[in-house]
Amino acid sequence: MFDDVADLYQQVILDHCKHPRNFRELTPCTCSAQGRNPLCGDQLKLFLNLDGDKITEAAFVGSGCCISKASASLLTDAVKGKTRNEAGAMFELVRELVTKGKAEGDVGKLAVFAGVHKFPARVKCAILSWHALMAALKGEGQPVSTENEHN
Ligand code: ZN
């Protein structure tokens, strides 16, 4: 049973990797942020449109491994219609999910990343787009990195 679920999760990730949703630039956009994960070579740029406090549109461009692309693809679907606070809460849940394998809350389709916790090197790939999301919402102009540049 568990293997079936794992297979299904892998299929969803592969599908979003090969056919990423919302894979385009948004111009103009309310805010955007770049993220990169030097350990894997993932890099992406996330674009958001906001109406007041609500995210009305999310899109991304970039290149990287399957996990990072699938994560960004699912993110752009997941945050649409959410407020800043709701998106922030979702970030916390996803971080919990990919580091522990489960989260104390409803993560919807993002549950496909639960298996990532077994592969510590992949956690940063899965969380990269979420760091970019938080940076975009905070309006930070600096690119975010999963690594401390001075290390
Ligand atoms: Zn990666």
# chains A, B, ... in the order shown; residues from 1 in each chain; ligands from 1
>>> residues_near_ligand(ligand="ligand 1", cutoff="12 Å", atoms="only C-alpha atoms and all ligand atoms", output="NGL selection string")
:A and (17 or 35-44 or 62-72 or 116 or 119-129 or 146)
>>> select_by_dssp(residues="chain A", states="helix (DSSP H, G or I)", output="number ranges by chain")
A: 2-18, 66-78, 84-100, 108-118, 120-138
>>> select_by_dssp(residues="range 42-149 of chain A", states="strand (DSSP E or B)", output="PyMOL selection string")
chain A and resi 42-51+54-63+83+144-145
>>> residues_around(residues="Met90 in chain A", least_positions_apart="2", cutoff="10 Å", atoms="only C-alpha atoms", output="PyMOL selection string")
chain A and resi 75+78-79+82+84-88+92-96+105-107+110+130
>>> write_last_selection(atoms="all heavy atoms", output="compact mmCIF listing (two decimals), in the first residue's frame")
# COMPACT_ATOMS: atom_id res chain seq x y z
N LEU A 75 3.63 24.93 -6.19
CA LEU A 75 3.52 26.16 -5.39
C LEU A 75 2.64 27.19 -6.09
O LEU A 75 1.75 27.78 -5.48
CB LEU A 75 4.91 26.74 -5.13
CG LEU A 75 5.02 28.07 -4.36
CD1 LEU A 75 6.36 28.15 -3.66
CD2 LEU A 75 4.83 29.28 -5.24
N ALA A 78 -0.80 26.28 -5.66
CA ALA A 78 -1.25 26.22 -4.26
C ALA A 78 -1.48 27.61 -3.65
O ALA A 78 -2.37 27.77 -2.82
CB ALA A 78 -0.24 25.45 -3.41
N VAL A 79 -0.68 28.60 -4.05
CA VAL A 79 -0.78 29.91 -3.37
C VAL A 79 -1.80 30.85 -4.02
O VAL A 79 -2.11 31.90 -3.47
CB VAL A 79 0.59 30.62 -3.27
CG1 VAL A 79 1.59 29.76 -2.49
CG2 VAL A 79 1.13 30.99 -4.64
N LYS A 82 -4.57 32.82 -2.10
CA LYS A 82 -4.21 32.87 -0.68
C LYS A 82 -3.76 34.28 -0.29
O LYS A 82 -3.23 35.03 -1.12
CB LYS A 82 -3.07 31.89 -0.38
CG LYS A 82 -3.41 30.44 -0.66
CD LYS A 82 -4.24 29.85 0.47
CE LYS A 82 -4.44 28.35 0.34
NZ LYS A 82 -5.34 27.94 -0.77
N ARG A 84 -1.28 36.78 2.15
CA ARG A 84 0.13 36.70 2.59
C ARG A 84 0.28 35.77 3.78
O ARG A 84 1.19 34.96 3.84
CB ARG A 84 0.62 38.10 3.01
CG ARG A 84 0.88 39.05 1.88
CD ARG A 84 1.09 40.45 2.44
NE ARG A 84 1.24 41.41 1.36
CZ ARG A 84 2.41 41.75 0.82
NH1 ARG A 84 3.52 41.23 1.27
NH2 ARG A 84 2.46 42.61 -0.17
N ASN A 85 -0.60 35.95 4.77
CA ASN A 85 -0.50 35.13 5.98
C ASN A 85 -0.74 33.67 5.69
O ASN A 85 -0.06 32.80 6.23
CB ASN A 85 -1.50 35.61 7.04
CG ASN A 85 -1.00 36.85 7.76
OD1 ASN A 85 0.18 37.18 7.67
ND2 ASN A 85 -1.90 37.52 8.45
N GLU A 86 -1.72 33.40 4.82
CA GLU A 86 -2.00 32.00 4.47
C GLU A 86 -0.82 31.37 3.74
O GLU A 86 -0.48 30.21 3.96
CB GLU A 86 -3.27 31.92 3.61
CG GLU A 86 -4.54 32.14 4.41
CD GLU A 86 -5.78 32.37 3.54
OE1 GLU A 86 -5.62 32.63 2.33
OE2 GLU A 86 -6.88 32.30 4.07
N ALA A 87 -0.19 32.16 2.86
CA ALA A 87 0.98 31.66 2.14
C ALA A 87 2.14 31.39 3.10
O ALA A 87 2.86 30.40 2.97
CB ALA A 87 1.40 32.65 1.05
N GLY A 88 2.29 32.27 4.10
CA GLY A 88 3.32 32.08 5.11
C GLY A 88 3.08 30.83 5.93
O GLY A 88 4.01 30.07 6.22
N GLU A 92 5.40 27.23 6.23
CA GLU A 92 5.79 26.51 7.46
C GLU A 92 5.39 25.04 7.37
O GLU A 92 6.14 24.15 7.78
CB GLU A 92 5.13 27.15 8.69
CG GLU A 92 5.59 28.57 8.97
CD GLU A 92 7.09 28.67 9.25
OE1 GLU A 92 7.70 27.66 9.69
OE2 GLU A 92 7.67 29.75 9.02
N LEU A 93 4.20 24.78 6.84
CA LEU A 93 3.72 23.40 6.71
C LEU A 93 4.60 22.60 5.75
O LEU A 93 4.95 21.45 6.01
CB LEU A 93 2.27 23.37 6.20
CG LEU A 93 1.17 23.68 7.21
CD1 LEU A 93 -0.18 23.66 6.53
CD2 LEU A 93 1.20 22.69 8.37
N VAL A 94 4.97 23.24 4.62
CA VAL A 94 5.80 22.54 3.63
C VAL A 94 7.18 22.25 4.21
O VAL A 94 7.73 21.17 4.02
CB VAL A 94 5.91 23.37 2.33
CG1 VAL A 94 6.95 22.78 1.39
CG2 VAL A 94 4.57 23.45 1.63
N ARG A 95 7.71 23.22 4.97
CA ARG A 95 9.03 23.01 5.57
C ARG A 95 8.98 21.83 6.55
O ARG A 95 9.87 21.00 6.59
CB ARG A 95 9.48 24.28 6.29
CG ARG A 95 10.91 24.15 6.82
CD ARG A 95 11.56 25.48 6.98
NE ARG A 95 10.87 26.30 7.98
CZ ARG A 95 11.28 27.51 8.32
NH1 ARG A 95 12.34 28.03 7.75
NH2 ARG A 95 10.63 28.20 9.22
N GLU A 96 7.87 21.77 7.31
CA GLU A 96 7.69 20.66 8.24
C GLU A 96 7.59 19.34 7.48
O GLU A 96 8.19 18.34 7.85
CB GLU A 96 6.39 20.93 9.02
CG GLU A 96 6.31 20.32 10.38
CD GLU A 96 4.95 20.62 11.01
OE1 GLU A 96 4.35 21.68 10.72
OE2 GLU A 96 4.49 19.79 11.81
N GLY A 105 -1.14 19.81 9.53
CA GLY A 105 -2.10 20.67 8.85
C GLY A 105 -2.35 20.13 7.45
O GLY A 105 -1.67 19.21 7.00
N ASP A 106 -3.33 20.70 6.77
CA ASP A 106 -3.70 20.24 5.44
C ASP A 106 -2.79 20.86 4.40
O ASP A 106 -2.77 22.07 4.22
CB ASP A 106 -5.16 20.62 5.17
CG ASP A 106 -5.61 20.12 3.80
OD1 ASP A 106 -4.89 19.26 3.23
OD2 ASP A 106 -6.65 20.58 3.31
N VAL A 107 -2.01 20.01 3.72
CA VAL A 107 -1.09 20.53 2.72
C VAL A 107 -1.59 20.26 1.29
O VAL A 107 -0.93 20.62 0.32
CB VAL A 107 0.34 19.94 2.88
CG1 VAL A 107 0.99 20.48 4.14
CG2 VAL A 107 0.32 18.43 2.88
N LEU A 110 0.43 19.21 -2.01
CA LEU A 110 1.84 19.31 -1.64
C LEU A 110 2.31 18.09 -0.86
O LEU A 110 3.50 17.90 -0.65
CB LEU A 110 2.08 20.59 -0.85
CG LEU A 110 1.70 21.86 -1.62
CD1 LEU A 110 1.64 23.05 -0.69
CD2 LEU A 110 2.70 22.12 -2.73
N TRP A 130 9.81 27.93 -2.18
CA TRP A 130 9.08 28.51 -1.04
C TRP A 130 9.87 29.65 -0.40
O TRP A 130 9.31 30.63 0.07
CB TRP A 130 8.71 27.42 -0.02
CG TRP A 130 7.66 26.53 -0.58
CD1 TRP A 130 7.87 25.38 -1.32
CD2 TRP A 130 6.25 26.73 -0.54
NE1 TRP A 130 6.65 24.87 -1.72
CE2 TRP A 130 5.65 25.65 -1.24
CE3 TRP A 130 5.43 27.70 0.05
CZ2 TRP A 130 4.28 25.55 -1.40
CZ3 TRP A 130 4.06 27.59 -0.10
CH2 TRP A 130 3.49 26.52 -0.82
>>> closest_residue(among="A:Arg24, A:Lys18, A:Lys45, A:Lys118", to="Ala135 in chain A", atoms="only C-alpha atoms")
A:Lys45
>>> decode(residues="range 47-63 of chain A", atoms="all heavy atoms", output="PDB file, in the first residue's frame")
ATOM      1  N   PHE A  47       7.316  34.890  -9.736  1.00  0.00           N
ATOM      2  CA  PHE A  47       6.571  36.140  -9.958  1.00  0.00           C
ATOM      3  C   PHE A  47       5.208  36.053  -9.282  1.00  0.00           C
ATOM      4  O   PHE A  47       4.549  35.017  -9.366  1.00  0.00           O
ATOM      5  CB  PHE A  47       6.320  36.366 -11.459  1.00  0.00           C
ATOM      6  CG  PHE A  47       7.556  36.324 -12.302  1.00  0.00           C
ATOM      7  CD1 PHE A  47       8.037  35.118 -12.794  1.00  0.00           C
ATOM      8  CD2 PHE A  47       8.236  37.495 -12.624  1.00  0.00           C
ATOM      9  CE1 PHE A  47       9.178  35.078 -13.584  1.00  0.00           C
ATOM     10  CE2 PHE A  47       9.368  37.462 -13.417  1.00  0.00           C
ATOM     11  CZ  PHE A  47       9.843  36.251 -13.899  1.00  0.00           C
ATOM     12  N   LEU A  48       4.799  37.159  -8.660  1.00  0.00           N
ATOM     13  CA  LEU A  48       3.487  37.189  -8.021  1.00  0.00           C
ATOM     14  C   LEU A  48       2.729  38.441  -8.417  1.00  0.00           C
ATOM     15  O   LEU A  48       3.323  39.513  -8.554  1.00  0.00           O
ATOM     16  CB  LEU A  48       3.616  37.198  -6.495  1.00  0.00           C
ATOM     17  CG  LEU A  48       4.305  36.020  -5.811  1.00  0.00           C
ATOM     18  CD1 LEU A  48       4.458  36.329  -4.324  1.00  0.00           C
ATOM     19  CD2 LEU A  48       3.544  34.730  -6.012  1.00  0.00           C
ATOM     20  N   ASN A  49       1.422  38.288  -8.566  1.00  0.00           N
ATOM     21  CA  ASN A  49       0.545  39.444  -8.641  1.00  0.00           C
ATOM     22  C   ASN A  49      -0.355  39.423  -7.422  1.00  0.00           C
ATOM     23  O   ASN A  49      -0.904  38.373  -7.078  1.00  0.00           O
ATOM     24  CB  ASN A  49      -0.306  39.420  -9.920  1.00  0.00           C
ATOM     25  CG  ASN A  49       0.394  40.118 -11.067  1.00  0.00           C
ATOM     26  OD1 ASN A  49       1.151  41.068 -10.855  1.00  0.00           O
ATOM     27  ND2 ASN A  49       0.160  39.642 -12.277  1.00  0.00           N
ATOM     28  N   LEU A  50      -0.466  40.551  -6.774  1.00  0.00           N
ATOM     29  CA  LEU A  50      -1.311  40.640  -5.592  1.00  0.00           C
ATOM     30  C   LEU A  50      -2.405  41.678  -5.798  1.00  0.00           C
ATOM     31  O   LEU A  50      -2.179  42.710  -6.441  1.00  0.00           O
ATOM     32  CB  LEU A  50      -0.482  41.042  -4.357  1.00  0.00           C
ATOM     33  CG  LEU A  50       0.294  39.902  -3.701  1.00  0.00           C
ATOM     34  CD1 LEU A  50       1.685  39.821  -4.237  1.00  0.00           C
ATOM     35  CD2 LEU A  50       0.312  40.076  -2.200  1.00  0.00           C
ATOM     36  N   ASP A  51      -3.584  41.372  -5.242  1.00  0.00           N
ATOM     37  CA  ASP A  51      -4.670  42.339  -5.189  1.00  0.00           C
ATOM     38  C   ASP A  51      -4.893  42.616  -3.715  1.00  0.00           C
ATOM     39  O   ASP A  51      -5.448  41.777  -3.011  1.00  0.00           O
ATOM     40  CB  ASP A  51      -5.920  41.750  -5.844  1.00  0.00           C
ATOM     41  CG  ASP A  51      -7.072  42.739  -5.846  1.00  0.00           C
ATOM     42  OD1 ASP A  51      -6.860  43.912  -5.449  1.00  0.00           O
ATOM     43  OD2 ASP A  51      -8.178  42.334  -6.217  1.00  0.00           O
ATOM     44  N   GLY A  52      -4.390  43.734  -3.228  1.00  0.00           N
ATOM     45  CA  GLY A  52      -4.402  43.979  -1.788  1.00  0.00           C
ATOM     46  C   GLY A  52      -3.508  42.959  -1.116  1.00  0.00           C
ATOM     47  O   GLY A  52      -2.322  42.882  -1.396  1.00  0.00           O
ATOM     48  N   ASP A  53      -4.118  42.130  -0.292  1.00  0.00           N
ATOM     49  CA  ASP A  53      -3.366  41.160   0.483  1.00  0.00           C
ATOM     50  C   ASP A  53      -3.399  39.767  -0.168  1.00  0.00           C
ATOM     51  O   ASP A  53      -2.779  38.829   0.311  1.00  0.00           O
ATOM     52  CB  ASP A  53      -3.989  41.088   1.883  1.00  0.00           C
ATOM     53  CG  ASP A  53      -3.040  40.460   2.873  1.00  0.00           C
ATOM     54  OD1 ASP A  53      -1.830  40.740   2.782  1.00  0.00           O
ATOM     55  OD2 ASP A  53      -3.507  39.686   3.719  1.00  0.00           O
ATOM     56  N   LYS A  54      -4.131  39.659  -1.269  1.00  0.00           N
ATOM     57  CA  LYS A  54      -4.378  38.337  -1.841  1.00  0.00           C
ATOM     58  C   LYS A  54      -3.538  38.079  -3.097  1.00  0.00           C
ATOM     59  O   LYS A  54      -3.421  38.948  -3.957  1.00  0.00           O
ATOM     60  CB  LYS A  54      -5.869  38.221  -2.171  1.00  0.00           C
ATOM     61  CG  LYS A  54      -6.301  36.802  -2.506  1.00  0.00           C
ATOM     62  CD  LYS A  54      -7.798  36.700  -2.687  1.00  0.00           C
ATOM     63  CE  LYS A  54      -8.473  36.260  -1.402  1.00  0.00           C
ATOM     64  NZ  LYS A  54      -9.901  35.922  -1.602  1.00  0.00           N
ATOM     65  N   ILE A  55      -2.959  36.886  -3.167  1.00  0.00           N
ATOM     66  CA  ILE A  55      -2.184  36.494  -4.346  1.00  0.00           C
ATOM     67  C   ILE A  55      -3.164  36.073  -5.445  1.00  0.00           C
ATOM     68  O   ILE A  55      -3.927  35.113  -5.272  1.00  0.00           O
ATOM     69  CB  ILE A  55      -1.229  35.322  -4.017  1.00  0.00           C
ATOM     70  CG1 ILE A  55      -0.231  35.737  -2.936  1.00  0.00           C
ATOM     71  CG2 ILE A  55      -0.504  34.848  -5.285  1.00  0.00           C
ATOM     72  CD1 ILE A  55       0.548  34.577  -2.327  1.00  0.00           C
ATOM     73  N   THR A  56      -3.160  36.823  -6.542  1.00  0.00           N
ATOM     74  CA  THR A  56      -4.111  36.513  -7.605  1.00  0.00           C
ATOM     75  C   THR A  56      -3.467  35.672  -8.707  1.00  0.00           C
ATOM     76  O   THR A  56      -4.154  34.998  -9.459  1.00  0.00           O
ATOM     77  CB  THR A  56      -4.661  37.805  -8.241  1.00  0.00           C
ATOM     78  OG1 THR A  56      -3.560  38.615  -8.658  1.00  0.00           O
ATOM     79  CG2 THR A  56      -5.526  38.559  -7.259  1.00  0.00           C
ATOM     80  N   GLU A  57      -2.139  35.764  -8.800  1.00  0.00           N
ATOM     81  CA  GLU A  57      -1.453  35.046  -9.863  1.00  0.00           C
ATOM     82  C   GLU A  57      -0.033  34.723  -9.407  1.00  0.00           C
ATOM     83  O   GLU A  57       0.614  35.546  -8.757  1.00  0.00           O
ATOM     84  CB  GLU A  57      -1.387  35.923 -11.118  1.00  0.00           C
ATOM     85  CG  GLU A  57      -1.546  35.152 -12.387  1.00  0.00           C
ATOM     86  CD  GLU A  57      -1.718  36.068 -13.600  1.00  0.00           C
ATOM     87  OE1 GLU A  57      -1.821  37.302 -13.423  1.00  0.00           O
ATOM     88  OE2 GLU A  57      -1.743  35.547 -14.708  1.00  0.00           O
ATOM     89  N   ALA A  58       0.435  33.537  -9.777  1.00  0.00           N
ATOM     90  CA  ALA A  58       1.814  33.166  -9.457  1.00  0.00           C
ATOM     91  C   ALA A  58       2.381  32.403 -10.639  1.00  0.00           C
ATOM     92  O   ALA A  58       1.678  31.621 -11.287  1.00  0.00           O
ATOM     93  CB  ALA A  58       1.852  32.297  -8.196  1.00  0.00           C
ATOM     94  N   ALA A  59       3.649  32.676 -10.961  1.00  0.00           N
ATOM     95  CA  ALA A  59       4.287  32.004 -12.093  1.00  0.00           C
ATOM     96  C   ALA A  59       5.779  31.929 -11.811  1.00  0.00           C
ATOM     97  O   ALA A  59       6.293  32.609 -10.913  1.00  0.00           O
ATOM     98  CB  ALA A  59       4.012  32.769 -13.384  1.00  0.00           C
ATOM     99  N   PHE A  60       6.473  31.091 -12.580  1.00  0.00           N
ATOM    100  CA  PHE A  60       7.924  30.999 -12.369  1.00  0.00           C
ATOM    101  C   PHE A  60       8.618  30.610 -13.663  1.00  0.00           C
ATOM    102  O   PHE A  60       8.002  30.080 -14.599  1.00  0.00           O
ATOM    103  CB  PHE A  60       8.249  29.974 -11.277  1.00  0.00           C
ATOM    104  CG  PHE A  60       8.197  28.529 -11.728  1.00  0.00           C
ATOM    105  CD1 PHE A  60       9.370  27.816 -11.935  1.00  0.00           C
ATOM    106  CD2 PHE A  60       6.991  27.888 -11.950  1.00  0.00           C
ATOM    107  CE1 PHE A  60       9.334  26.483 -12.357  1.00  0.00           C
ATOM    108  CE2 PHE A  60       6.945  26.557 -12.370  1.00  0.00           C
ATOM    109  CZ  PHE A  60       8.125  25.854 -12.566  1.00  0.00           C
ATOM    110  N   VAL A  61       9.910  30.928 -13.713  1.00  0.00           N
ATOM    111  CA  VAL A  61      10.791  30.431 -14.774  1.00  0.00           C
ATOM    112  C   VAL A  61      12.060  29.942 -14.083  1.00  0.00           C
ATOM    113  O   VAL A  61      12.357  30.339 -12.953  1.00  0.00           O
ATOM    114  CB  VAL A  61      11.156  31.524 -15.817  1.00  0.00           C
ATOM    115  CG1 VAL A  61       9.929  31.971 -16.590  1.00  0.00           C
ATOM    116  CG2 VAL A  61      11.841  32.705 -15.154  1.00  0.00           C
ATOM    117  N   GLY A  62      12.799  29.099 -14.777  1.00  0.00           N
ATOM    118  CA  GLY A  62      14.043  28.651 -14.179  1.00  0.00           C
ATOM    119  C   GLY A  62      14.426  27.278 -14.670  1.00  0.00           C
ATOM    120  O   GLY A  62      13.778  26.704 -15.551  1.00  0.00           O
ATOM    121  N   SER A  63      15.525  26.790 -14.101  1.00  0.00           N
ATOM    122  CA  SER A  63      15.988  25.472 -14.481  1.00  0.00           C
ATOM    123  C   SER A  63      16.516  24.770 -13.241  1.00  0.00           C
ATOM    124  O   SER A  63      16.922  25.417 -12.273  1.00  0.00           O
ATOM    125  CB  SER A  63      17.094  25.584 -15.523  1.00  0.00           C
ATOM    126  OG  SER A  63      18.184  26.304 -14.993  1.00  0.00           O
TER     127      SER A  63
END
